[in-house]
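One structure is given here, and the rest of the page talks about it.
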Amino acid sequence: MTPDPREKPPHDVGVGPHPEPWPDDEHFDRELLAEGDRRNVVDRYRYWSMDAIIADLDTRRHPFHVAIENWQHDFNIGTVVRAANAFLAAEVHIVGKKRWNRRGAMVTDRYQHVRHHPTVEAFRAWADAEAITLIGIDNLPGSTPLEGDPLPERCVLVFGQEGPGLSDEMRPALDQCRSIAQFGSTRSINAGVAAGIAMHSWIVEHIS
């Protein structure tokens with residue numbers, strides 16, 4: 001039986017109780033100091049409270065966003081959220097059904113801002129209000145290579161459902177569409193993998 005990733009990990013993960021005297025900075029969680037910190041967080045955040053970690057991440061988030069359509073309860077959404085946390089995206093946007101499978105997020109959704117839009121129209125209206133570019137990632141006819149022109153600094157990388165890709169409703173709402181170079185026999189790659197590639201491309205262009 002596969003363990004639930006949201007359950008408390010085994011005690012060989014993370015660190016045990018903090019030796020006394022305890023640090024008294026306000027970002028430390030006294031319960032974690034006493035019992036140990038078994039969470040999947042970088043060493044910088046050991047023993048920090050969740051609110052303190054989020055507050056610190058908010059000072060450093062990058063200006064790109066990620067969006068994924070959710071019409072069929074796509075299992076890739078959790079993976080996209082986990083990658084967005086790793087690359088420190090500003091927000092993840094769920095377009096369509098509000099409920100999504102959090103298993104693949106491996107609890108990173110607790111640290112990542114997630115916004116819901118019930119329709120493509122609502123999502124487009126938000127983008128217009130924010131004056132932010134919507135960039136679909138799909139190998140559709142007319143798409144330009146991701147490896148070509150640099151991605152805008154402020155943008156939303158938009159992904160469709162696993163299988164059908166970007167919906168017919170989403171495609172005309174986009175400002176542009178990019179494709180990821182592929183060399184094998186399959187038509188497309190996993191949406192979670194595609195999201196990781198696109199986010200890393202943004203990081204290479206704007207941070208590295």
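By order in the structure tokens, chains are A, B, ...; within a chain, residues start at 1; ligands start at 1, following the order shown.
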
TODO: Would you list the contacts of Pro141 of chain A as an MDAnalysis selection string, taking every protein, DNA or RNA residue within 12 Å and counting only C-alpha atoms, but skipping same-chain residues closer than 4 positions in sequence?
DONE: chainID A and resid 137 145 171 176:179

Atoms to include: N, CA and C atoms. Write the selected residues as an mmCIF file, in the first residue's frame.
data_model
loop_
_atom_site.group_PDB
_atom_site.id
_atom_site.type_symbol
_atom_site.label_atom_id
_atom_site.label_comp_id
_atom_site.auth_asym_id
_atom_site.auth_seq_id
_atom_site.Cartn_x
_atom_site.Cartn_y
_atom_site.Cartn_z
ATOM 1 N N ILE A 137 1.159 26.766 -23.189
ATOM 2 C CA ILE A 137 2.262 25.843 -23.483
ATOM 3 C C ILE A 137 1.637 24.579 -24.060
ATOM 4 N N PRO A 145 8.357 28.162 -30.800
ATOM 5 C CA PRO A 145 9.178 27.372 -29.869
ATOM 6 C C PRO A 145 9.419 28.098 -28.540
ATOM 7 N N ARG A 171 -7.905 28.477 -25.799
ATOM 8 C CA ARG A 171 -6.984 28.854 -26.876
ATOM 9 C C ARG A 171 -7.163 30.292 -27.353
ATOM 10 N N GLN A 176 -0.413 34.345 -26.559
ATOM 11 C CA GLN A 176 0.491 33.609 -27.441
ATOM 12 C C GLN A 176 0.566 32.168 -26.976
ATOM 13 N N CYS A 177 1.123 31.310 -27.830
ATOM 14 C CA CYS A 177 1.272 29.896 -27.472
ATOM 15 C C CYS A 177 2.672 29.440 -27.842
ATOM 16 N N ARG A 178 3.308 28.708 -26.947
ATOM 17 C CA ARG A 178 4.657 28.194 -27.152
ATOM 18 C C ARG A 178 4.640 26.665 -27.128
ATOM 19 N N SER A 179 5.556 26.073 -27.838
ATOM 20 C CA SER A 179 5.682 24.615 -27.858
ATOM 21 C C SER A 179 7.043 24.203 -27.321
#

Open item on the list: I'd like the contact shell of His93 of chain A - 6 Å cut-off, only C-alpha atoms, skipping same-chain residues fewer than 4 positions apart - returned as a ChimeraX atom specification.
Closed with: /A:67,114-116

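Our summary of the geometry notes that atom CA of Arg187 of chain A is positioned 25.3 Å from atom CA of Trp100 of chain A.
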
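Atom CA of Phe64 of chain A to atom CA of His200 of chain A spans 11.2 Å [interatomic distance, one decimal].
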
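Look at Asp56 of chain A: the protein and nucleic acid residues within 12 Å of it, using only C-alpha atoms and passing over chain neighbours fewer than 4 places away, are A:His27, A:Arg44, A:Tyr45, A:Trp48, A:Ser49, A:Met50, A:Asp51, A:Ala52, A:Arg60, A:Arg61, A:Leu88, A:Tyr111, A:Gln112.
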
Include N, CA and C atoms and write out the residues we just selected as an mmCIF file, in the first residue's frame.
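Printed below is result-v7.cif as written:
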data_model
loop_
_atom_site.group_PDB
_atom_site.id
_atom_site.type_symbol
_atom_site.label_atom_id
_atom_site.label_comp_id
_atom_site.auth_asym_id
_atom_site.auth_seq_id
_atom_site.Cartn_x
_atom_site.Cartn_y
_atom_site.Cartn_z
ATOM 1 N N HIS A 27 9.915 33.692 14.283
ATOM 2 C CA HIS A 27 9.522 32.789 13.208
ATOM 3 C C HIS A 27 9.647 31.315 13.592
ATOM 4 N N ARG A 44 17.037 26.065 5.633
ATOM 5 C CA ARG A 44 16.785 27.455 6.021
ATOM 6 C C ARG A 44 15.518 27.570 6.871
ATOM 7 N N TYR A 45 14.519 26.724 6.597
ATOM 8 C CA TYR A 45 13.216 26.837 7.255
ATOM 9 C C TYR A 45 12.985 25.806 8.365
ATOM 10 N N TRP A 48 10.789 26.575 11.555
ATOM 11 C CA TRP A 48 9.971 27.756 11.343
ATOM 12 C C TRP A 48 8.495 27.371 11.295
ATOM 13 N N SER A 49 7.628 28.278 11.717
ATOM 14 C CA SER A 49 6.192 28.048 11.566
ATOM 15 C C SER A 49 5.820 28.163 10.096
ATOM 16 N N MET A 50 4.701 27.561 9.712
ATOM 17 C CA MET A 50 4.254 27.625 8.328
ATOM 18 C C MET A 50 3.998 29.071 7.909
ATOM 19 N N ASP A 51 3.368 29.850 8.771
ATOM 20 C CA ASP A 51 3.087 31.257 8.437
ATOM 21 C C ASP A 51 4.373 32.040 8.211
ATOM 22 N N ALA A 52 5.392 31.747 8.998
ATOM 23 C CA ALA A 52 6.666 32.455 8.845
ATOM 24 C C ALA A 52 7.342 32.085 7.528
ATOM 25 N N ARG A 60 10.141 36.998 -1.807
ATOM 26 C CA ARG A 60 11.089 36.590 -2.851
ATOM 27 C C ARG A 60 10.421 35.968 -4.082
ATOM 28 N N ARG A 61 9.096 35.904 -4.111
ATOM 29 C CA ARG A 61 8.432 35.227 -5.226
ATOM 30 C C ARG A 61 8.740 35.901 -6.564
ATOM 31 N N LEU A 88 9.275 28.926 -7.150
ATOM 32 C CA LEU A 88 8.805 30.127 -6.463
ATOM 33 C C LEU A 88 7.951 31.020 -7.359
ATOM 34 N N TYR A 111 2.245 26.096 1.134
ATOM 35 C CA TYR A 111 3.187 27.211 1.046
ATOM 36 C C TYR A 111 3.042 28.005 -0.253
ATOM 37 N N GLN A 112 2.189 27.522 -1.158
ATOM 38 C CA GLN A 112 2.049 28.129 -2.477
ATOM 39 C C GLN A 112 0.677 28.777 -2.610
#

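Compared by their closest atoms to Glu91 of chain A, and using only C-alpha atoms, the residues A:Val156, A:Ile207, A:Ile135, A:Leu32 rank with A:Val156 nearest.
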
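Nearest residue to Asp149 of chain A among A:Met106, A:Gly165, A:Ser201, A:Trp126 is A:Ser201, counting only C-alpha atoms.
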
Task: Top pick for closest residue to Gln161 of chain A, considering A:Ala125, A:Val15, A:Val107, A:Ile189 and counting only C-alpha atoms - done: A:Ile189

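Of the listed residues A:His117, A:Arg154, A:Arg82, A:Arg124, the one whose atoms come nearest to Ala105 of chain A is A:Arg82, with distances taken using only C-alpha atoms.
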
Quick check for you: according to DSSP on this backbone, which residues of segment 4-197 of chain A are classed as strand (DSSP E or B)? Reply as a short mmCIF file (atom, residue, chain, number, x, y, z; two decimals) with C-alpha atoms, in the first residue's frame.
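Now in result06.cif:
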data_model
loop_
_atom_site.label_atom_id
_atom_site.label_comp_id
_atom_site.auth_asym_id
_atom_site.auth_seq_id
_atom_site.Cartn_x
_atom_site.Cartn_y
_atom_site.Cartn_z
CA VAL A 15 15.65 16.80 12.28
CA PHE A 28 10.33 29.63 15.18
CA ASP A 37 10.82 19.09 12.30
CA TRP A 48 9.97 27.76 11.34
CA HIS A 65 2.36 32.67 -12.61
CA VAL A 66 1.20 29.20 -13.63
CA ALA A 67 -2.31 28.16 -14.64
CA ILE A 68 -3.79 24.75 -15.39
CA GLU A 69 -7.24 23.82 -16.61
CA ASN A 70 -9.26 21.49 -14.40
CA VAL A 92 -0.95 28.91 -9.31
CA HIS A 93 -4.32 29.39 -11.02
CA ILE A 94 -6.85 26.58 -11.28
CA VAL A 95 -9.28 27.23 -14.14
CA GLY A 96 -12.47 25.18 -14.05
CA VAL A 114 -3.43 29.02 -5.31
CA ARG A 115 -6.24 31.01 -6.93
CA HIS A 116 -9.41 29.56 -8.50
CA HIS A 117 -11.21 30.84 -11.60
CA THR A 133 0.44 38.10 -20.56
CA LEU A 134 -1.18 34.66 -20.95
CA ILE A 135 1.15 32.17 -22.63
CA GLY A 136 -0.20 28.74 -23.49
CA ILE A 137 2.26 25.84 -23.48
CA THR A 144 6.29 29.20 -31.55
CA PRO A 145 9.18 27.37 -29.87
CA CYS A 155 3.38 36.24 -17.55
CA VAL A 156 1.15 33.27 -16.82
CA LEU A 157 2.26 29.91 -18.21
CA VAL A 158 -0.99 28.15 -19.08
CA PHE A 159 -1.42 24.37 -19.36
CA GLN A 161 -5.66 18.89 -19.33
CA GLY A 165 -4.22 19.87 -23.92
CA GLN A 176 0.49 33.61 -27.44
CA CYS A 177 1.27 29.90 -27.47
CA ARG A 178 4.66 28.19 -27.15
CA SER A 179 5.68 24.61 -27.86
#

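In this comparison, which uses only C-alpha atoms, the residue of A:Val13, A:His62, A:Leu174, A:His18 approaching Phe123 of chain A most closely is A:Leu174.
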
Task: Residue among A:Phe183, A:Tyr47, A:Trp71, A:Trp202 lying closest to Gly16 of chain A, counting only C-alpha atoms - done: A:Tyr47
